[in-house]
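**Student:** Got data31.cif for you, mmCIF, C-alpha atoms:
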data_coords
#
loop_
_atom_site.label_atom_id
_atom_site.label_comp_id
_atom_site.auth_asym_id
_atom_site.auth_seq_id
_atom_site.Cartn_x
_atom_site.Cartn_y
_atom_site.Cartn_z
CA MET A 1 10.82 12.60 10.16
CA GLY A 2 12.20 11.39 13.48
CA ILE A 3 10.73 10.13 16.71
CA GLY A 4 10.29 13.69 17.96
CA CYS A 5 8.23 14.62 14.90
CA ASN A 6 6.05 11.54 15.46
CA ILE A 7 5.51 12.58 19.08
CA ARG A 8 4.67 16.18 18.13
CA ALA A 9 2.27 15.07 15.38
CA ALA A 10 0.45 12.67 17.74
CA ARG A 11 0.29 15.32 20.48
CA LYS A 12 -1.15 17.92 18.11
CA ARG A 13 -3.69 15.47 16.64
CA LYS A 14 -4.93 14.90 20.18
CA ASN A 15 -4.95 18.67 20.93
CA LEU A 16 -2.58 18.24 23.87
CA SER A 17 0.00 20.79 24.99
CA ILE A 18 3.57 19.92 25.93
CA GLN A 19 2.60 20.90 29.49
CA GLN A 20 -0.20 18.32 29.53
CA ILE A 21 2.19 15.59 28.34
CA CYS A 22 4.68 16.66 31.04
CA GLU A 23 1.97 16.46 33.70
CA ARG A 24 1.11 12.92 32.57
CA THR A 25 4.73 11.74 32.34
CA GLY A 26 6.58 13.74 34.97
CA LEU A 27 9.05 14.99 32.33
CA SER A 28 10.16 18.61 32.12
CA GLN A 29 8.90 20.91 29.38
CA GLY A 30 12.47 21.65 28.30
CA PHE A 31 13.21 17.94 27.89
CA MET A 32 9.95 17.35 25.95
CA SER A 33 10.76 20.30 23.69
CA GLN A 34 14.21 18.82 22.97
CA VAL A 35 12.63 15.42 22.26
CA GLU A 36 10.05 16.90 19.86
CA ASN A 37 12.79 18.84 18.06
CA ASN A 38 14.94 15.70 17.74
CA LYS A 39 17.70 17.29 19.82
CA THR A 40 17.78 14.46 22.33
CA SER A 41 16.89 10.78 22.19
CA PRO A 42 14.69 9.51 25.00
CA SER A 43 15.16 6.07 26.52
CA ILE A 44 12.71 3.29 25.69
CA ALA A 45 11.18 3.66 29.17
CA THR A 46 10.66 7.40 28.57
CA LEU A 47 9.21 6.72 25.10
CA ASP A 48 6.85 4.19 26.65
CA SER A 49 5.72 6.81 29.17
CA ILE A 50 5.17 9.37 26.39
CA ALA A 51 3.28 6.79 24.30
CA ASN A 52 1.02 6.03 27.27
CA ALA A 53 0.40 9.75 27.81
CA LEU A 54 -0.55 10.07 24.13
CA ASN A 55 -2.56 6.82 24.22
CA VAL A 56 -0.69 5.45 21.17
CA PRO A 57 1.31 2.23 20.78
CA LEU A 58 5.01 2.66 21.48
CA ALA A 59 5.80 1.14 18.07
CA PHE A 60 3.92 4.00 16.37
CA LEU A 61 6.42 6.51 17.73
CA LEU A 62 9.30 4.49 16.24
CA LEU A 63 7.97 4.31 12.68
CA LYS A 64 10.06 5.76 9.89
CA GLU A 65 8.29 7.91 7.29
CA GLU A 66 8.21 5.10 4.71
CA GLU A 67 6.67 2.74 7.28
CA ARG A 68 3.76 5.02 8.12
CA MET A 69 0.32 4.87 6.57
CA GLN A 70 0.36 6.11 3.00
CA VAL A 71 -2.69 7.69 1.41
CA ILE A 72 -3.09 8.00 -2.35
CA ARG A 73 -6.16 9.93 -3.48
CA LYS A 74 -7.88 8.63 -6.61
CA ASP A 75 -6.86 11.68 -8.63
CA GLU A 76 -3.21 11.29 -7.50
CA ARG A 77 -2.71 7.69 -8.64
CA ARG A 78 0.18 6.87 -10.94
CA LYS A 79 -1.29 5.52 -14.17
CA THR A 80 0.50 3.49 -16.81
CA LEU A 81 -0.47 1.72 -20.01
CA TYR A 82 0.42 -1.94 -20.55
CA GLY A 83 0.92 -3.88 -23.77
CA LYS A 84 -0.27 -3.29 -27.32
CA ASN A 85 -3.87 -3.00 -26.12
CA ASN A 86 -2.85 -0.14 -23.80
CA LEU A 87 -4.51 -1.66 -20.76
CA GLN A 88 -4.86 1.09 -18.17
CA VAL A 89 -3.12 0.27 -14.90
CA ASP A 90 -3.81 2.43 -11.85
CA HIS A 91 -1.12 1.95 -9.20
CA LEU A 92 -3.11 2.03 -5.95
CA GLY A 93 -0.18 1.86 -3.58
CA GLY A 94 2.08 -0.49 -1.78
CA GLN A 95 3.65 -1.33 1.52
CA GLY A 96 6.95 -3.14 1.72
CA ASN A 97 6.91 -5.90 -0.88
CA VAL A 98 3.15 -5.74 -1.55
CA LYS A 99 1.72 -3.61 -4.36
CA MET A 100 -1.88 -3.11 -5.51
CA MET A 101 -3.11 -2.23 -8.98
CA LEU A 102 -6.42 -1.74 -10.72
CA VAL A 103 -6.46 -2.86 -14.35
CA ASP A 104 -9.11 -1.85 -16.89
CA MET A 105 -9.52 -4.18 -19.86
CA PRO A 106 -11.79 -3.09 -22.71
CA PRO A 107 -13.84 -5.84 -24.39
CA GLY A 108 -11.61 -8.16 -26.45
CA SER A 109 -8.37 -6.80 -25.00
CA SER A 110 -5.74 -9.07 -23.54
CA THR A 111 -2.21 -9.28 -22.23
CA GLU A 112 -1.64 -10.49 -25.83
CA GLU A 113 0.66 -13.39 -25.16
CA GLU A 114 1.86 -15.36 -22.22
CA HIS A 115 4.28 -13.37 -20.15
CA ALA A 116 6.12 -13.92 -16.88
CA HIS A 117 7.67 -11.66 -14.25
CA ALA A 118 8.66 -11.70 -10.61
CA GLY A 119 6.07 -11.97 -7.85
CA ASP A 120 2.97 -13.73 -6.63
CA GLU A 121 -0.40 -12.25 -7.61
CA ILE A 122 -3.94 -12.36 -6.31
CA HIS A 123 -6.66 -11.09 -8.65
CA PHE A 124 -10.23 -10.06 -7.83
CA ILE A 125 -12.62 -9.49 -10.73
CA LEU A 126 -14.60 -6.34 -9.95
CA GLU A 127 -16.45 -6.13 -13.29
CA GLY A 128 -16.70 -8.09 -16.50
CA THR A 129 -15.75 -11.57 -17.67
CA VAL A 130 -12.10 -12.57 -17.95
CA TYR A 131 -10.46 -15.71 -19.29
CA VAL A 132 -7.13 -16.56 -17.63
CA GLU A 133 -4.59 -19.21 -18.51
CA GLN A 134 -1.37 -20.44 -16.97
CA GLY A 135 0.22 -23.61 -18.27
CA GLU A 136 -2.46 -26.30 -18.37
CA ASP A 137 -4.76 -24.34 -16.01
CA SER A 138 -7.46 -22.01 -17.32
CA ALA A 139 -10.70 -20.47 -16.11
CA THR A 140 -13.36 -17.99 -17.15
CA LEU A 141 -14.09 -15.67 -14.24
CA GLU A 142 -16.82 -13.13 -13.56
CA ALA A 143 -17.35 -10.25 -11.14
CA GLY A 144 -16.82 -11.46 -7.58
CA ASP A 145 -14.47 -14.30 -8.57
CA SER A 146 -10.81 -14.34 -7.64
CA PHE A 147 -7.69 -16.31 -8.51
CA SER A 148 -3.99 -16.32 -7.73
CA TRP A 149 -0.81 -17.45 -9.40
CA ARG A 150 2.95 -17.31 -9.33
CA ALA A 151 3.73 -14.64 -11.90
CA ALA A 152 7.09 -16.23 -12.76
CA ILE A 153 5.13 -18.94 -14.62
CA PRO A 154 3.96 -17.62 -18.04
CA HIS A 155 0.34 -16.45 -17.91
CA TYR A 156 -2.31 -14.81 -20.06
CA ALA A 157 -5.55 -12.90 -19.50
CA LYS A 158 -8.27 -11.73 -21.90
CA ASN A 159 -11.54 -9.86 -21.48
CA VAL A 160 -14.01 -12.26 -23.14
CA GLY A 161 -17.09 -10.28 -22.14
CA GLU A 162 -19.04 -7.57 -23.93
CA ASN A 163 -18.26 -4.92 -21.29
CA ASN A 164 -15.18 -3.43 -19.71
CA ALA A 165 -13.45 -5.67 -17.17
CA ARG A 166 -11.85 -4.29 -14.01
CA ILE A 167 -9.41 -6.37 -12.03
CA LEU A 168 -7.94 -5.56 -8.63
CA ILE A 169 -4.47 -7.10 -8.36
CA ALA A 170 -2.27 -7.51 -5.31
CA VAL A 171 1.35 -8.41 -6.05
CA PHE A 172 3.89 -9.72 -3.56
CA LEU A 173 7.55 -9.44 -4.51
CA GLU A 174 10.43 -11.15 -2.70
CA ALA A 175 12.71 -8.14 -3.30
CA ASP A 176 12.32 -4.63 -4.67
CA HIS A 177 11.11 -4.88 -8.26
CA ASP A 178 9.05 -2.44 -10.27
CA VAL A 179 5.54 -3.63 -10.95
#
Taking this structure as input, can you express it in the form of structure tokens?
**Tutor:**
Amino acid sequence: MGIGCNIRAARKRKNLSIQQICERTGLSQGFMSQVENNKTSPSIATLDSIANALNVPLAFLLLKEEERMQVIRKDERRKTLYGKNNLQVDHLGGQGNVKMMLVDMPPGSSTEEEHAHAGDEIHFILEGTVYVEQGEDSATLEAGDSFSWRAAIPHYAKNVGENNARILIAVFLEADHDV
């Protein structure tokens, strides 16, 4: 998707015709058609004029497909199983070097042993009671609690409650790594 596609999509979302954009910018319909079909590249000043006519930030028109908002519906999530306890991991999405996951831990399940991997993590306990340990640090956390750690330091987590535990995890990676 190029700049022209971004312009066309924004124009259509706002129910504007090419003629209306031309009236607001002073550009010709032929030129706007070439821009929307990615057959010509407008100057930054022209893009700014088009952005103003569309009432969108100029930067929005410059976004590449992978930089745009990504939507993942709950029934479209990638799901994986982790460890011997087959902890269910729902991959909620990511942007750049940040990824989000939702982990379900049945009662008594754990990450089994200390493990380490790339990234920094922030955890939010949505449900249940979870014991976490990293080096000499440990805590028992309940719904509403949160914690963070550098994942490169060996760590361990276990559901010590009587009910399922759900943990929302945000992971930041310095470079592209699979999470």
**Student:** Between A:Glu127, A:Asp137, A:Glu66, A:Asp145, single out the one closest to A:Arg166, counting all atoms listed in the file.
**Tutor:**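 Once distances to A:Arg166 are computed over all atoms listed in the file, the minimum belongs to A:Glu127.
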**Student:** Find the residue from A:Ala53, A:Gly108, A:Glu162, A:Ile125 that sits nearest to A:Arg11; use only C-alpha atoms when measuring.
**Tutor:** A:Ala53
**Student:** Skipping near chain neighbours, those fewer than 6 positions away, what residues fall within 7 Å of A:Gly4 using all atoms listed in the file, listed as number ranges by chain?
**Tutor:** A: 35-38
**Student:** Translate the PyMOL selection byres ((chain A and resi 150) around 8), as applied to the file shown, into an explicit residue set as a list in words.
**Tutor:**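 For this structure, the PyMOL selection byres ((chain A and resi 150) around 8) captures Gly119, Asp120, Glu121, Ser148, Trp149, Ala151, Ala152 and Ile153 of chain A.
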**Student:** What does the file look like for those residues with C-alpha atoms, as a PDB file, keeping the file's coordinate frame?
**Tutor:**
ATOM      1  CA  GLY A 119       6.070 -11.970  -7.850  1.00  0.00           C
ATOM      2  CA  ASP A 120       2.970 -13.730  -6.630  1.00  0.00           C
ATOM      3  CA  GLU A 121      -0.400 -12.250  -7.610  1.00  0.00           C
ATOM      4  CA  SER A 148      -3.990 -16.320  -7.730  1.00  0.00           C
ATOM      5  CA  TRP A 149      -0.810 -17.450  -9.400  1.00  0.00           C
ATOM      6  CA  ALA A 151       3.730 -14.640 -11.900  1.00  0.00           C
ATOM      7  CA  ALA A 152       7.090 -16.230 -12.760  1.00  0.00           C
ATOM      8  CA  ILE A 153       5.130 -18.940 -14.620  1.00  0.00           C
TER       9      ILE A 153
END
**Student:** What separation in Å, quoted to one decimal, exists between atom CA of A:Ile72 and atom CA of A:Ala51?
**Tutor:**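 Value for the atom CA of A:Ile72-atom CA of A:Ala51 distance: 27.4 Å.
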**Student:** Mind telling me what the PyMOL selection byres ((chain A and resi 32) around 9) catches here, as a PDB file with C-alpha atoms, keeping the file's coordinate frame?
**Tutor:**
ATOM      1  CA  GLY A   4      10.290  13.690  17.960  1.00  0.00           C
ATOM      2  CA  ILE A  18       3.570  19.920  25.930  1.00  0.00           C
ATOM      3  CA  GLN A  19       2.600  20.900  29.490  1.00  0.00           C
ATOM      4  CA  ILE A  21       2.190  15.590  28.340  1.00  0.00           C
ATOM      5  CA  CYS A  22       4.680  16.660  31.040  1.00  0.00           C
ATOM      6  CA  LEU A  27       9.050  14.990  32.330  1.00  0.00           C
ATOM      7  CA  SER A  28      10.160  18.610  32.120  1.00  0.00           C
ATOM      8  CA  GLN A  29       8.900  20.910  29.380  1.00  0.00           C
ATOM      9  CA  GLY A  30      12.470  21.650  28.300  1.00  0.00           C
ATOM     10  CA  PHE A  31      13.210  17.940  27.890  1.00  0.00           C
ATOM     11  CA  SER A  33      10.760  20.300  23.690  1.00  0.00           C
ATOM     12  CA  GLN A  34      14.210  18.820  22.970  1.00  0.00           C
ATOM     13  CA  VAL A  35      12.630  15.420  22.260  1.00  0.00           C
ATOM     14  CA  GLU A  36      10.050  16.900  19.860  1.00  0.00           C
ATOM     15  CA  ASN A  37      12.790  18.840  18.060  1.00  0.00           C
TER      16      ASN A  37
END
**Student:** So what does the PyMOL selection byres ((chain A and resi 167) around 12) actually pick up in this one, as a PyMOL selection string?
**Tutor:** chain A and resi 87-90+100-106+121-132+141-147+157-159+164-166+168-170
**Student:** May I ask which of the residues A:Leu16, A:Ala116, A:Val171, A:Leu62 is the closest one to A:Gly135, counting all atoms listed in the file?
**Tutor:**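 For A:Gly135, the nearest of the given residues is A:Ala116.
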**Student:** Just to confirm, what's the straight-line distance from atom CA of A:Ala9 to atom CA of A:Leu58 in Å (one decimal)?
**Tutor:**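 Result for atom CA of A:Ala9 versus atom CA of A:Leu58: 14.1 Å, one decimal.
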**Student:** Out of A:Glu112, A:Gly2, A:Asn15, A:Asp48, which residue has the shortest atom-to-atom distance to A:Leu63 when counting only C-alpha atoms?
**Tutor:**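 The closest residue to A:Leu63 is A:Gly2.
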**Student:** Please indicate the distance in Å from atom CA of A:Ala45 to atom CA of A:Leu61, rounded to one decimal place.
**Tutor:**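 One can read the atom CA of A:Ala45 to atom CA of A:Leu61 distance as 12.7 Å.
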**Student:** May I ask which of the residues A:Val160, A:Ile50, A:Leu92, A:Ile44 is the closest one to A:Gly26, counting only C-alpha atoms?
**Tutor:**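 That would be A:Ile50, the residue with the smallest distance to A:Gly26.
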**Student:** Might you pull out every residue within 9 Å of A:Gln70, with only C-alpha atoms counted and same-chain residues fewer than 6 positions away left off, and present them as a PDB file with C-alpha atoms, in the frame of the given file?
**Tutor:**
ATOM      1  CA  GLY A  93      -0.180   1.860  -3.580  1.00  0.00           C
ATOM      2  CA  GLY A  94       2.080  -0.490  -1.780  1.00  0.00           C
ATOM      3  CA  GLN A  95       3.650  -1.330   1.520  1.00  0.00           C
TER       4      GLN A  95
END
**Student:** Env of A:Gly96: 9 Å cut, atoms = all atoms listed in the file, seq-sep filter 6 positions within chain, self excluded. Answer as a count of residues only.
**Tutor:** 5
**Student:** Let me have the centre and edge lengths in Å, one decimal, of the box along x, y and z around every listed atom of stretch 15-22 of chain A with 8 Å of margin on each side, as AutoDock Vina command-line options.
**Tutor:**
--center_x -0.1 --center_y 18.2 --center_z 26.0 --size_x 25.6 --size_y 21.3 --size_z 26.1
**Student:** Which is closest to A:Leu54 among A:Ser17, A:Asn85, A:Thr80, A:Thr40, if we use all atoms listed in the file?
**Tutor:**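 Among the listed residues, A:Ser17 lies closest to A:Leu54.
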